[in-house]
2 protein chains.
Amino acid sequence: MKSGLVTIKDLARELKISASTVSRALKNHPDISEATKKAVHELAEKLNYQPNAVALSLKQRRSNTIGVIIPEIVHYFFSSVISGIEDVAYDAGYNVIICQSNERYEREVANAKTLLASRVDGILVSISKETEDYSHFFNLQNNNVPMVFYDRIVPGLEADQVIIDDFDAAYRVTRHLIDSGRKHIAHFAGPQKLLIGRQRKDGYIKALKESGLEIDESLIIEADSFEKARLAVMRLLNEKRDFDGIFAVNDLTAIGAMQTVQKKGLKIPEEVAIVGFSDGRFSGITDPTLTSVDQHGYEMGSIATQMLLKRITAEDDSYPAETRILNADLIVRGSSL
Amino acid sequence: MKSGLVTIKDLARELKISASTVSRALKNHPDISEATKKAVHELAEKLNYQPNAVALSLKQRRSNTIGVIIPEIVHYFFSSVISGIEDVAYDAGYNVIICQSNERYEREVANAKTLLASRVDGILVSISKETEDYSHFFNLQNNNVPMVFYDRIVPGLEADQVIIDDFDAAYRVTRHLIDSGRKHIAHFAGPQKLLIGRQRKDGYIKALKESGLEIDESLIIEADSFEKARLAVMRLLNEKRDFDGIFAVNDLTAIGAMQTVQKKGLKIPEEVAIVGFSDGRFSGITDPTLTSVDQHGYEMGSIATQMLLKRITAEDDSYPAETRILNADLIVRGSSL
DNA sequence: CCGGTTTCTGCAAACGATTGCGGTGTCGTT
DNA sequence: AACGACACCGCAATCGTTTGCAGAAACCGG
């Protein structure tokens, strides 16, 4: 801000009264006479006075700003989370500072630091794929910064969190495949060091076990991208492995699998059923349309923000950490009918 | 911020020296003895001192923060713009406050107001679809807030801006189709009340005219969604119209067209070539892959931010407004080979 | 006419950090 | 012995706003 913006002192000088009077007049304090109030309000209007939020933040020791640490904005899921965050924050009169970790640990640490320096009133976090050391979050916690983790949480950190029930969703996906008659279901899994990756795999395994199907470890392949899915499918086919279903850890992976399967002349869903995860913009436009799991990103963002605001505004914010587990909806489409 | 965070005064008290000395010691001012510096740095480290950015902002009258007004985050294009903004800002040590107008005028005005109150050092804006009154931007300009408009600009406002050349891109798309031998090219157009809708159509028309091809008005159909594209293709086929190419105003429309064309047994690209616009995540995953126009959202965001930072840091920021017109790249893929 | 309200306004400190200026103490030099 | 140079540090003001407290003026009742 160059300067030039009119301050309370400018109003005071102009009206030949004190800054304190102007301040009180602006907020209609009963101590101030109607005449003064009127004069102040009129001048403020005329000079287009805008209270300096920075000064206010300093004085009140709260910034009316919340910080967000997000792995990568350019994902349908994460951008819808942001959208939910922003909407709730806006309604509550809070600003939102976005920090993107780009899935990098170093940058996440830097983000935590700048948000602390900015004295945000609270922070929403989803950790990066790289992160294994959590001391920057413990540090924030020690400084009593209200924090809510969404989607990707820190194991062993006592903090508010909102996640979806990945285990259950994966379980339901797999049951759905089993119920429709598939017996050899492959799982294209995410990184097992991320909780989410493990839970989805575990849900898959539970469903198989429950149905008395054998767990074929060689049908569980770590593949979480379009390209890796293509390779994985190729390998399965080359090895002449028997499979009639694929549960992929995300939609892009599912689509990669889908195309390769089709290219090899197999029919979807007749010969191979395919299910993705985290229903994005893609699922409706593939051919056939893709069965997937709606992660409700917007809802997650808005709930996380509500939880954060609750903790920020609580007189006593030492109440126990809350965990909200959202239901992920299985959306059955053409690829698994 | 509840409190608890250690301040320079805490350090001073602990070491029984003055706050000024601590401040200078922290930034290695030559006036301070090595012994004192060491003591201060060590205590700061130990107590995990973090400078209060709010106090600094007030003192320096600059917040090291830039504001962003964006129509809707949940779009591949806009989220990649944000990503570009965030990356450049991060490297320059700036924070980013995101405000979403949700395509609503009222909210955009409120956004402008809070960003002004927050005393951001500059603002990046893409206007909402609703906005027709621009006084909130003129207001910002009167207050000397550096501003850069990206993608959706304000006509008649002398300000920095970065846009892409829609007309030229559409022209090149159409030329590409013509050069590959198509003679009856349909255009699935966007709403003609939006500038980009008109420009894309005009580019299409120019290319046709230039090549001596006739303009068949009945091949220009207002269709800018997946579903509308399906209907449009159906209609063309039912009417047994002759067409060997489709230029769609965006990718989703192109994909809708693609699927319908394929479903009717026509080969892509042999019998019908298809081109989309604003290369999103989709284009690489369709089958065949979709020729499209890369709008370079990330680049637009990063360039806009660079322009903004330039104006913010300029000693004299009264240099004339700049307009950067980015080339949109035609990415030729399988659907038009 | 005096004491006591009531009504309105201003002083000054505070939030956390920076910085010009002045002050103190220790040397060395002549 | 005296004086200047130098190294080191603190005072106080400042950024814009809020707020407890005190003070001034006006009014009322007796």
# chains A, B, ... in the order shown; residues from 1 in each chain; ligands from 1

$ calpha_fit_and_write --fixed "chain A" --moving "chain B" --output "short mmCIF file (atom, residue, chain, number, x, y, z; two decimals) with C-alpha atoms, in the first residue's frame"
data_model
loop_
_atom_site.label_atom_id
_atom_site.label_comp_id
_atom_site.auth_asym_id
_atom_site.auth_seq_id
_atom_site.Cartn_x
_atom_site.Cartn_y
_atom_site.Cartn_z
CA MET B 1 0.22 0.41 0.74
CA LYS B 2 1.78 3.54 -0.51
CA SER B 3 -0.34 5.79 1.68
CA GLY B 4 -2.97 8.22 0.62
CA LEU B 5 -5.69 6.14 2.19
CA VAL B 6 -7.80 8.23 4.47
CA THR B 7 -7.66 7.49 8.15
CA ILE B 8 -9.82 8.30 11.10
CA LYS B 9 -7.49 11.13 11.90
CA ASP B 10 -8.07 12.69 8.53
CA LEU B 11 -11.77 12.67 9.19
CA ALA B 12 -11.20 14.11 12.64
CA ARG B 13 -8.99 16.89 11.38
CA GLU B 14 -11.40 17.81 8.64
CA LEU B 15 -14.34 17.99 11.04
CA LYS B 16 -12.30 19.50 13.84
CA ILE B 17 -13.26 16.85 16.30
CA SER B 18 -11.24 14.13 17.97
CA ALA B 19 -10.38 10.78 16.53
CA SER B 20 -12.20 9.07 19.34
CA THR B 21 -15.40 10.82 18.46
CA VAL B 22 -15.04 9.83 14.87
CA SER B 23 -14.43 6.25 15.85
CA ARG B 24 -17.51 6.19 18.01
CA ALA B 25 -19.62 8.01 15.49
CA LEU B 26 -18.72 5.48 12.86
CA LYS B 27 -20.07 2.69 14.94
CA ASN B 28 -23.09 4.63 16.12
CA HIS B 29 -22.13 4.79 19.71
CA PRO B 30 -25.03 6.28 21.74
CA ASP B 31 -22.75 8.85 23.32
CA ILE B 32 -22.46 10.70 20.05
CA SER B 33 -25.04 13.23 18.89
CA GLU B 34 -27.02 12.59 15.79
CA ALA B 35 -25.59 15.70 14.16
CA THR B 36 -22.02 14.55 14.64
CA LYS B 37 -22.77 11.04 13.49
CA LYS B 38 -24.34 12.36 10.36
CA ALA B 39 -21.43 14.63 9.59
CA VAL B 40 -18.92 11.84 10.18
CA HIS B 41 -20.76 9.30 8.12
CA GLU B 42 -21.17 11.71 5.29
CA LEU B 43 -17.53 12.68 5.23
CA ALA B 44 -16.47 9.08 5.52
CA GLU B 45 -18.64 8.27 2.57
CA LYS B 46 -17.37 11.19 0.60
CA LEU B 47 -13.72 10.48 1.24
CA ASN B 48 -14.30 6.77 0.84
CA TYR B 49 -12.91 5.93 4.23
CA GLN B 50 -11.91 2.31 4.71
CA PRO B 51 -10.97 1.17 8.20
CA ASN B 52 -7.43 -0.06 8.39
CA ALA B 53 -7.70 -3.74 9.15
CA VAL B 54 -4.04 -3.91 10.08
CA ALA B 55 -4.41 -1.40 12.87
CA LEU B 56 -7.48 -3.23 14.03
CA SER B 57 -5.67 -6.54 14.06
CA LEU B 58 -2.94 -5.09 16.18
CA LYS B 59 -5.33 -3.56 18.64
CA GLN B 60 -7.71 -6.51 18.91
CA ARG B 61 -4.96 -9.04 18.73
CA ARG B 62 -6.84 -10.98 16.14
CA SER B 63 -6.52 -10.73 12.42
CA ASN B 64 -9.75 -12.24 11.18
CA THR B 65 -7.56 -14.25 8.91
CA ILE B 66 -7.01 -17.96 8.68
CA GLY B 67 -4.03 -19.61 7.11
CA VAL B 68 -4.05 -22.65 4.89
CA ILE B 69 -1.16 -24.97 4.22
CA ILE B 70 -1.84 -27.10 1.20
CA PRO B 71 0.38 -29.53 -0.67
CA GLU B 72 -0.46 -28.53 -4.23
CA ILE B 73 -3.21 -26.30 -5.39
CA VAL B 74 -3.31 -27.71 -8.87
CA HIS B 75 -5.37 -30.77 -8.11
CA TYR B 76 -9.07 -31.01 -8.41
CA PHE B 77 -9.39 -32.33 -4.90
CA PHE B 78 -7.25 -29.70 -3.23
CA SER B 79 -8.64 -26.83 -5.20
CA SER B 80 -12.14 -27.85 -4.23
CA VAL B 81 -11.01 -28.02 -0.62
CA ILE B 82 -9.77 -24.45 -0.93
CA SER B 83 -13.03 -23.46 -2.48
CA GLY B 84 -14.91 -24.85 0.50
CA ILE B 85 -12.57 -23.11 2.90
CA GLU B 86 -12.86 -19.81 1.12
CA ASP B 87 -16.64 -19.88 1.00
CA VAL B 88 -17.10 -20.58 4.68
CA ALA B 89 -14.41 -18.11 5.66
CA TYR B 90 -15.95 -15.43 3.50
CA ASP B 91 -19.35 -15.89 5.07
CA ALA B 92 -17.81 -15.57 8.51
CA GLY B 93 -15.88 -12.47 7.55
CA TYR B 94 -12.48 -14.09 7.53
CA ASN B 95 -9.68 -13.72 5.03
CA VAL B 96 -7.74 -16.68 3.78
CA ILE B 97 -3.99 -16.79 3.34
CA ILE B 98 -2.90 -19.66 1.17
CA CYS B 99 0.50 -21.27 1.48
CA GLN B 100 1.54 -24.01 -0.85
CA SER B 101 4.09 -26.48 0.40
CA ASN B 102 4.57 -27.99 -3.04
CA GLU B 103 4.92 -31.29 -1.22
CA ARG B 104 8.22 -30.08 0.22
CA TYR B 105 9.07 -30.30 3.89
CA GLU B 106 11.29 -27.23 3.99
CA ARG B 107 8.64 -25.09 2.48
CA GLU B 108 6.00 -26.40 4.83
CA VAL B 109 8.13 -25.35 7.77
CA ALA B 110 8.55 -21.90 6.27
CA ASN B 111 4.82 -21.69 5.71
CA ALA B 112 4.11 -22.49 9.33
CA LYS B 113 6.54 -19.81 10.36
CA THR B 114 5.11 -17.04 8.23
CA LEU B 115 1.58 -17.89 9.24
CA LEU B 116 2.63 -17.61 12.84
CA ALA B 117 4.31 -14.29 12.15
CA SER B 118 1.19 -13.08 10.38
CA ARG B 119 -0.74 -13.83 13.52
CA VAL B 120 -3.47 -15.67 11.72
CA ASP B 121 -6.30 -16.69 13.99
CA GLY B 122 -6.02 -20.32 13.03
CA ILE B 123 -4.51 -22.71 10.53
CA LEU B 124 -5.77 -25.48 8.29
CA VAL B 125 -3.15 -28.02 7.35
CA SER B 126 -2.68 -30.95 5.06
CA ILE B 127 0.86 -32.21 5.35
CA SER B 128 3.24 -32.73 2.49
CA LYS B 129 4.31 -36.14 1.28
CA GLU B 130 7.85 -35.50 2.45
CA THR B 131 7.06 -34.49 5.98
CA GLU B 132 8.26 -36.84 8.65
CA ASP B 133 9.28 -34.40 11.33
CA TYR B 134 6.33 -32.63 12.85
CA SER B 135 7.95 -30.22 15.26
CA HIS B 136 6.79 -27.14 13.39
CA PHE B 137 3.23 -28.21 14.11
CA PHE B 138 3.96 -28.93 17.73
CA ASN B 139 5.46 -25.49 17.88
CA LEU B 140 2.27 -23.93 16.59
CA GLN B 141 0.31 -25.92 19.07
CA ASN B 142 2.50 -24.73 21.91
CA ASN B 143 1.74 -21.22 20.84
CA ASN B 144 -1.94 -21.97 21.12
CA VAL B 145 -2.66 -21.50 17.46
CA PRO B 146 -5.93 -23.25 16.68
CA MET B 147 -5.30 -25.86 14.04
CA VAL B 148 -7.34 -28.31 12.04
CA PHE B 149 -5.81 -30.99 9.86
CA TYR B 150 -7.62 -32.12 6.76
CA ASP B 151 -7.12 -35.19 4.61
CA ARG B 152 -3.48 -35.77 5.46
CA ILE B 153 -3.09 -35.76 9.19
CA VAL B 154 -0.22 -35.93 11.62
CA PRO B 155 -0.17 -39.23 13.44
CA GLY B 156 0.03 -38.79 17.16
CA LEU B 157 -0.85 -35.13 17.25
CA GLU B 158 -3.85 -34.38 19.40
CA ALA B 159 -5.67 -31.97 17.14
CA ASP B 160 -8.90 -31.48 15.27
CA GLN B 161 -8.98 -33.33 12.03
CA VAL B 162 -11.28 -34.17 9.18
CA ILE B 163 -10.58 -37.11 6.95
CA ILE B 164 -12.45 -39.50 4.76
CA ASP B 165 -12.83 -43.18 5.43
CA ASP B 166 -10.69 -44.63 2.69
CA PHE B 167 -10.90 -48.14 4.00
CA ASP B 168 -14.65 -48.12 4.07
CA ALA B 169 -14.94 -46.47 0.68
CA ALA B 170 -12.67 -49.06 -0.91
CA TYR B 171 -14.65 -51.77 0.80
CA ARG B 172 -17.89 -50.42 -0.64
CA VAL B 173 -16.42 -50.07 -4.08
CA THR B 174 -15.40 -53.67 -4.05
CA ARG B 175 -18.70 -54.86 -2.62
CA HIS B 176 -20.46 -52.99 -5.36
CA LEU B 177 -18.46 -54.86 -7.96
CA ILE B 178 -19.10 -58.15 -6.25
CA ASP B 179 -22.79 -57.46 -5.88
CA SER B 180 -23.06 -56.80 -9.57
CA GLY B 181 -21.72 -60.26 -10.21
CA ARG B 182 -17.99 -59.80 -10.78
CA LYS B 183 -15.80 -62.53 -9.43
CA HIS B 184 -12.30 -61.69 -10.62
CA ILE B 185 -11.64 -58.15 -9.55
CA ALA B 186 -8.25 -56.60 -10.06
CA HIS B 187 -6.94 -53.76 -7.91
CA PHE B 188 -4.67 -51.12 -9.33
CA ALA B 189 -3.17 -49.95 -6.08
CA GLY B 190 -1.41 -46.83 -4.90
CA PRO B 191 2.00 -46.76 -3.21
CA GLN B 192 1.79 -48.92 -0.13
CA LYS B 193 3.92 -46.59 1.90
CA LEU B 194 1.13 -44.02 1.92
CA LEU B 195 -1.61 -44.68 4.42
CA ILE B 196 -4.33 -44.15 1.85
CA GLY B 197 -2.71 -46.65 -0.48
CA ARG B 198 -2.77 -49.29 2.23
CA GLN B 199 -6.25 -48.47 3.41
CA ARG B 200 -7.77 -48.69 -0.03
CA LYS B 201 -6.14 -52.01 -0.66
CA ASP B 202 -7.23 -53.32 2.72
CA GLY B 203 -10.82 -52.35 2.07
CA TYR B 204 -10.66 -54.20 -1.20
CA ILE B 205 -9.30 -57.29 0.46
CA LYS B 206 -11.85 -57.22 3.24
CA ALA B 207 -14.72 -57.16 0.77
CA LEU B 208 -13.31 -60.08 -1.16
CA LYS B 209 -12.75 -62.15 1.94
CA GLU B 210 -16.17 -61.40 3.26
CA SER B 211 -17.69 -62.72 0.10
CA GLY B 212 -15.64 -65.83 0.11
CA LEU B 213 -13.73 -64.83 -2.98
CA GLU B 214 -10.11 -65.75 -3.16
CA ILE B 215 -7.45 -63.10 -3.01
CA ASP B 216 -5.39 -63.38 -6.15
CA GLU B 217 -2.20 -61.47 -5.38
CA SER B 218 -1.35 -61.31 -9.05
CA LEU B 219 -4.48 -59.24 -9.62
CA ILE B 220 -3.18 -56.61 -7.21
CA ILE B 221 -0.87 -54.40 -9.18
CA GLU B 222 0.83 -51.26 -8.05
CA ALA B 223 -0.32 -48.84 -10.73
CA ASP B 224 -1.46 -45.34 -9.94
CA SER B 225 -1.20 -43.39 -13.15
CA PHE B 226 -2.76 -43.24 -16.58
CA GLU B 227 0.26 -44.78 -18.22
CA LYS B 228 0.87 -47.46 -15.61
CA ALA B 229 -2.73 -48.51 -15.95
CA ARG B 230 -2.34 -49.01 -19.68
CA LEU B 231 0.68 -51.19 -19.14
CA ALA B 232 -1.00 -53.13 -16.39
CA VAL B 233 -4.03 -53.89 -18.53
CA MET B 234 -1.85 -54.91 -21.44
CA ARG B 235 0.01 -57.28 -19.22
CA LEU B 236 -3.11 -58.85 -17.81
CA LEU B 237 -4.49 -59.37 -21.27
CA ASN B 238 -1.27 -60.72 -22.69
CA GLU B 239 -1.08 -63.17 -19.86
CA LYS B 240 -4.67 -64.08 -20.67
CA ARG B 241 -5.65 -63.53 -17.11
CA ASP B 242 -9.24 -63.75 -16.25
CA PHE B 243 -10.74 -60.55 -14.87
CA ASP B 244 -14.12 -58.90 -15.07
CA GLY B 245 -13.59 -55.88 -12.85
CA ILE B 246 -10.97 -53.30 -11.99
CA PHE B 247 -10.88 -51.12 -8.93
CA ALA B 248 -8.35 -48.36 -9.54
CA VAL B 249 -6.84 -46.23 -6.81
CA ASN B 250 -7.73 -43.03 -8.62
CA ASP B 251 -9.67 -41.81 -11.60
CA LEU B 252 -6.80 -41.20 -13.94
CA THR B 253 -5.68 -44.75 -13.46
CA ALA B 254 -9.20 -45.97 -14.03
CA ILE B 255 -9.43 -44.03 -17.26
CA GLY B 256 -6.15 -45.38 -18.52
CA ALA B 257 -7.44 -48.85 -17.81
CA MET B 258 -10.75 -48.09 -19.43
CA GLN B 259 -9.28 -46.91 -22.68
CA THR B 260 -6.94 -49.84 -22.98
CA VAL B 261 -9.67 -52.32 -22.23
CA GLN B 262 -11.87 -50.74 -24.88
CA LYS B 263 -9.09 -50.64 -27.38
CA LYS B 264 -8.68 -54.35 -26.96
CA GLY B 265 -12.27 -54.82 -27.93
CA LEU B 266 -13.73 -55.56 -24.53
CA LYS B 267 -17.03 -53.97 -23.61
CA ILE B 268 -17.43 -51.81 -20.54
CA PRO B 269 -19.23 -52.55 -18.36
CA GLU B 270 -20.52 -55.80 -19.87
CA GLU B 271 -17.23 -57.64 -19.95
CA VAL B 272 -15.18 -55.55 -17.57
CA ALA B 273 -16.49 -53.17 -14.95
CA ILE B 274 -14.26 -50.30 -13.87
CA VAL B 275 -14.32 -48.10 -10.82
CA GLY B 276 -12.10 -45.16 -9.97
CA PHE B 277 -11.54 -43.16 -6.84
CA SER B 278 -11.72 -39.50 -5.83
CA ASP B 279 -14.34 -38.34 -8.22
CA GLY B 280 -12.88 -35.56 -10.25
CA ARG B 281 -13.93 -33.58 -13.23
CA PHE B 282 -13.15 -36.57 -15.40
CA SER B 283 -15.69 -39.05 -14.26
CA GLY B 284 -18.63 -37.45 -15.97
CA ILE B 285 -16.98 -36.99 -19.32
CA THR B 286 -15.62 -40.41 -20.08
CA ASP B 287 -17.55 -42.82 -22.21
CA PRO B 288 -19.05 -44.65 -20.51
CA THR B 289 -19.12 -42.38 -17.51
CA LEU B 290 -16.93 -43.56 -14.71
CA THR B 291 -18.11 -45.00 -11.44
CA SER B 292 -16.04 -43.39 -8.74
CA VAL B 293 -15.85 -42.30 -5.15
CA ASP B 294 -16.67 -38.73 -4.38
CA GLN B 295 -14.22 -37.47 -1.80
CA HIS B 296 -16.19 -34.32 -1.18
CA GLY B 297 -13.29 -31.91 -1.26
CA TYR B 298 -15.51 -28.87 -1.01
CA GLU B 299 -17.32 -30.33 1.96
CA MET B 300 -14.07 -31.28 3.62
CA GLY B 301 -12.81 -27.75 3.26
CA SER B 302 -15.98 -26.23 4.56
CA ILE B 303 -16.24 -28.59 7.52
CA ALA B 304 -12.60 -28.13 8.44
CA THR B 305 -13.13 -24.39 8.38
CA GLN B 306 -16.21 -24.63 10.52
CA MET B 307 -14.31 -26.67 13.05
CA LEU B 308 -11.52 -24.15 13.02
CA LEU B 309 -13.83 -21.19 13.45
CA LYS B 310 -15.53 -22.98 16.28
CA ARG B 311 -12.24 -23.37 18.07
CA ILE B 312 -11.20 -19.82 17.31
CA THR B 313 -14.36 -18.30 18.67
CA ALA B 314 -14.72 -20.63 21.65
CA GLU B 315 -14.40 -18.86 24.97
CA ASP B 316 -12.63 -21.91 26.25
CA ASP B 317 -10.88 -23.63 23.39
CA SER B 318 -9.42 -26.39 25.44
CA TYR B 319 -12.17 -28.88 24.65
CA PRO B 320 -10.90 -32.19 23.36
CA ALA B 321 -9.79 -32.60 19.78
CA GLU B 322 -12.45 -33.71 17.37
CA THR B 323 -12.08 -36.07 14.46
CA ARG B 324 -14.61 -35.95 11.70
CA ILE B 325 -14.65 -38.87 9.33
CA LEU B 326 -16.52 -38.04 6.20
CA ASN B 327 -18.30 -40.61 4.21
CA ALA B 328 -16.99 -40.90 0.73
CA ASP B 329 -19.86 -41.54 -1.61
CA LEU B 330 -19.77 -44.23 -4.17
CA ILE B 331 -21.13 -42.73 -7.35
CA VAL B 332 -22.25 -45.49 -9.63
CA ARG B 333 -22.10 -44.59 -13.29
CA GLY B 334 -21.97 -46.33 -16.60
CA SER B 335 -18.64 -48.08 -16.22
CA SER B 336 -19.96 -50.54 -13.65
CA LEU B 337 -23.68 -50.82 -14.27
#

$ interface_residues --of "chain C" --to "chain A" --cutoff "10 Å" --atoms "only C-alpha atoms (C1' of nucleotides)" --output "PDB file with C-alpha atoms (C1' of nucleotides), in the first residue's frame"
ATOM      1  C1'  DT C   7     -23.256  14.050  28.611  1.00  0.00           C
ATOM      2  C1'  DC C   8     -19.696  14.420  25.811  1.00  0.00           C
ATOM      3  C1'  DT C   9     -14.796  14.488  24.575  1.00  0.00           C
ATOM      4  C1'  DG C  10      -9.714  13.933  24.917  1.00  0.00           C
ATOM      5  C1'  DC C  11      -5.313  11.878  26.887  1.00  0.00           C
ATOM      6  C1'  DA C  14      -1.261  -0.354  24.102  1.00  0.00           C
ATOM      7  C1'  DC C  15      -0.589  -3.867  20.105  1.00  0.00           C
ATOM      8  C1'  DG C  16       4.885  -5.357  17.945  1.00  0.00           C
TER       9       DG C  16
END

$ interface_residues --of "chain D" --to "chain A" --cutoff "12 Å" --atoms "only C-alpha atoms (C1' of nucleotides)" --output "list of chain:residue names"
D:DC15, D:DG16, D:DT17, D:DT18, D:DT19, D:DG20

$ write_last_selection --atoms "N, CA and C atoms (P, O5', C5', C4', C3', O3' and C1' of nucleotides)" --output "compact mmCIF listing (two decimals), in the first residue's frame"
# COMPACT_ATOMS: atom_id res chain seq x y z
P DC D 15 2.94 8.34 11.82
O5' DC D 15 2.41 6.98 11.21
C5' DC D 15 3.19 6.19 10.30
C4' DC D 15 2.69 4.77 10.33
C3' DC D 15 1.19 4.68 10.59
O3' DC D 15 0.51 4.62 9.35
C1' DC D 15 2.45 3.06 11.87
P DG D 16 -0.77 5.60 9.16
O5' DG D 16 -1.91 4.82 9.96
C5' DG D 16 -2.43 3.61 9.42
C4' DG D 16 -3.44 3.03 10.37
C3' DG D 16 -4.61 3.96 10.70
O3' DG D 16 -5.80 3.19 10.56
C1' DG D 16 -3.60 3.19 12.70
P DT D 17 -7.22 3.85 10.83
O5' DT D 17 -7.60 3.21 12.22
C5' DT D 17 -7.62 1.79 12.33
C4' DT D 17 -7.67 1.37 13.78
C3' DT D 17 -8.85 1.92 14.58
O3' DT D 17 -9.78 0.85 14.75
C1' DT D 17 -6.81 1.89 15.84
P DT D 18 -11.10 1.11 15.60
O5' DT D 18 -10.62 0.78 17.08
C5' DT D 18 -10.24 -0.54 17.40
C4' DT D 18 -9.86 -0.62 18.86
C3' DT D 18 -10.98 -0.32 19.86
O3' DT D 18 -10.95 -1.34 20.84
C1' DT D 18 -9.08 0.98 20.36
P DT D 19 -12.24 -1.60 21.72
O5' DT D 19 -11.85 -0.97 23.12
C5' DT D 19 -10.59 -1.27 23.69
C4' DT D 19 -10.36 -0.43 24.93
C3' DT D 19 -11.63 0.03 25.65
O3' DT D 19 -11.38 0.02 27.05
C1' DT D 19 -10.36 1.89 25.11
P DG D 20 -12.55 -0.46 28.04
O5' DG D 20 -11.89 -0.06 29.44
C5' DG D 20 -10.56 -0.50 29.72
C4' DG D 20 -9.84 0.54 30.56
C3' DG D 20 -10.66 1.11 31.73
O3' DG D 20 -9.79 1.36 32.84
C1' DG D 20 -10.04 2.87 30.26

$ atom_distance --atom1 "C1' of DG28 (chain C)" --atom2 "C1' of DC9 (chain D)"
21.7 Å

$ select_by_dssp --residues "region 78-261 of chain B" --states "strand (DSSP E or B)" --output "NGL selection string"
:B and (95-100 or 122-125 or 147-150 or 160-164 or 185-189 or 220-222 or 245-248)

$ atom_distance --atom1 "C1' of DG23 (chain C)" --atom2 "C1' of DT14 (chain D)"
21.4 Å

$ residues_around --residues "DG22 (chain C)" --least-positions-apart "2" --cutoff "12 Å" --atoms "only C-alpha atoms (C1' of nucleotides)" --output "CSV table (one decimal) with N, CA and C atoms (P, O5', C5', C4', C3', O3' and C1' of nucleotides), in the first residue's frame"
chain,number,residue,atom,x,y,z
C,20,DG,P,17.2,5.6,10.3
C,20,DG,O5',17.3,7.1,10.8
C,20,DG,C5',16.1,7.9,10.8
C,20,DG,C4',16.2,8.9,11.9
C,20,DG,C3',17.5,9.6,12.1
C,20,DG,O3',17.2,11.0,12.5
C,20,DG,C1',17.0,8.4,14.1
C,24,DT,P,24.7,10.4,29.7
C,24,DT,O5',25.5,9.0,29.9
C,24,DT,C5',24.9,7.8,30.0
C,24,DT,C4',25.9,6.7,29.6
C,24,DT,C3',27.2,6.8,30.3
C,24,DT,O3',27.4,5.8,31.2
C,24,DT,C1',27.5,6.3,28.0
D,9,DC,P,25.8,-4.1,23.1
D,9,DC,O5',24.7,-2.9,23.5
D,9,DC,C5',24.8,-2.3,24.8
D,9,DC,C4',23.9,-1.1,24.8
D,9,DC,C3',22.4,-1.4,24.6
D,9,DC,O3',21.8,-1.3,25.8
D,9,DC,C1',23.1,0.6,23.5
D,10,DG,P,20.2,-1.7,26.0
D,10,DG,O5',19.5,-0.3,26.1
D,10,DG,C5',20.0,0.6,27.1
D,10,DG,C4',19.2,1.9,26.9
D,10,DG,C3',17.7,1.8,26.9
D,10,DG,O3',17.2,2.9,27.6
D,10,DG,C1',18.5,2.9,24.9
D,11,DC,P,15.6,3.0,28.0
D,11,DC,O5',15.2,4.4,27.4
D,11,DC,C5',16.2,5.4,27.2
D,11,DC,C4',15.6,6.6,26.6
D,11,DC,C3',14.1,6.8,26.7
D,11,DC,O3',13.8,8.1,26.8
D,11,DC,C1',14.8,6.6,24.4
D,12,DA,P,12.3,8.6,27.1
D,12,DA,O5',11.7,8.8,25.7
D,12,DA,C5',12.4,9.6,24.8
D,12,DA,C4',11.8,9.6,23.4
D,12,DA,C3',10.2,9.5,23.4
D,12,DA,O3',9.8,10.4,22.4
D,12,DA,C1',11.1,7.8,22.1

$ select_by_dssp --residues "region 51-127 of chain A" --states "helix (DSSP H, G or I)" --output "ChimeraX atom specification"
/A:53-60,76-91,105-117

$ atom_distance --atom1 "C1' of DA5 (chain D)" --atom2 "C1' of DC27 (chain C)"
8.6 Å

$ decode --residues "region 128-146 of chain B" --atoms "C-alpha atoms" --output "JSON list (two decimals), in the first residue's frame"
[["chain", "number", "residue", "atom", "x", "y", "z"],
["B", 128, "SER", "CA", -17.35, -11.91, -12.89],
["B", 129, "LYS", "CA", -19.82, -12.64, -15.65],
["B", 130, "GLU", "CA", -22.40, -10.43, -13.98],
["B", 131, "THR", "CA", -20.28, -7.35, -13.59],
["B", 132, "GLU", "CA", -21.34, -4.38, -15.63],
["B", 133, "ASP", "CA", -20.60, -1.58, -13.22],
["B", 134, "TYR", "CA", -16.91, -1.11, -12.65],
["B", 135, "SER", "CA", -16.81, 1.63, -10.06],
["B", 136, "HIS", "CA", -15.30, -0.59, -7.38],
["B", 137, "PHE", "CA", -12.28, -0.99, -9.61],
["B", 138, "PHE", "CA", -12.07, 2.69, -10.36],
["B", 139, "ASN", "CA", -12.20, 3.21, -6.64],
["B", 140, "LEU", "CA", -9.22, 0.94, -6.12],
["B", 141, "GLN", "CA", -7.40, 2.74, -8.84],
["B", 142, "ASN", "CA", -8.08, 6.09, -7.24],
["B", 143, "ASN", "CA", -6.54, 4.75, -4.10],
["B", 144, "ASN", "CA", -3.43, 3.87, -6.03],
["B", 145, "VAL", "CA", -3.75, 0.17, -5.52],
["B", 146, "PRO", "CA", -1.66, -1.56, -8.18]]
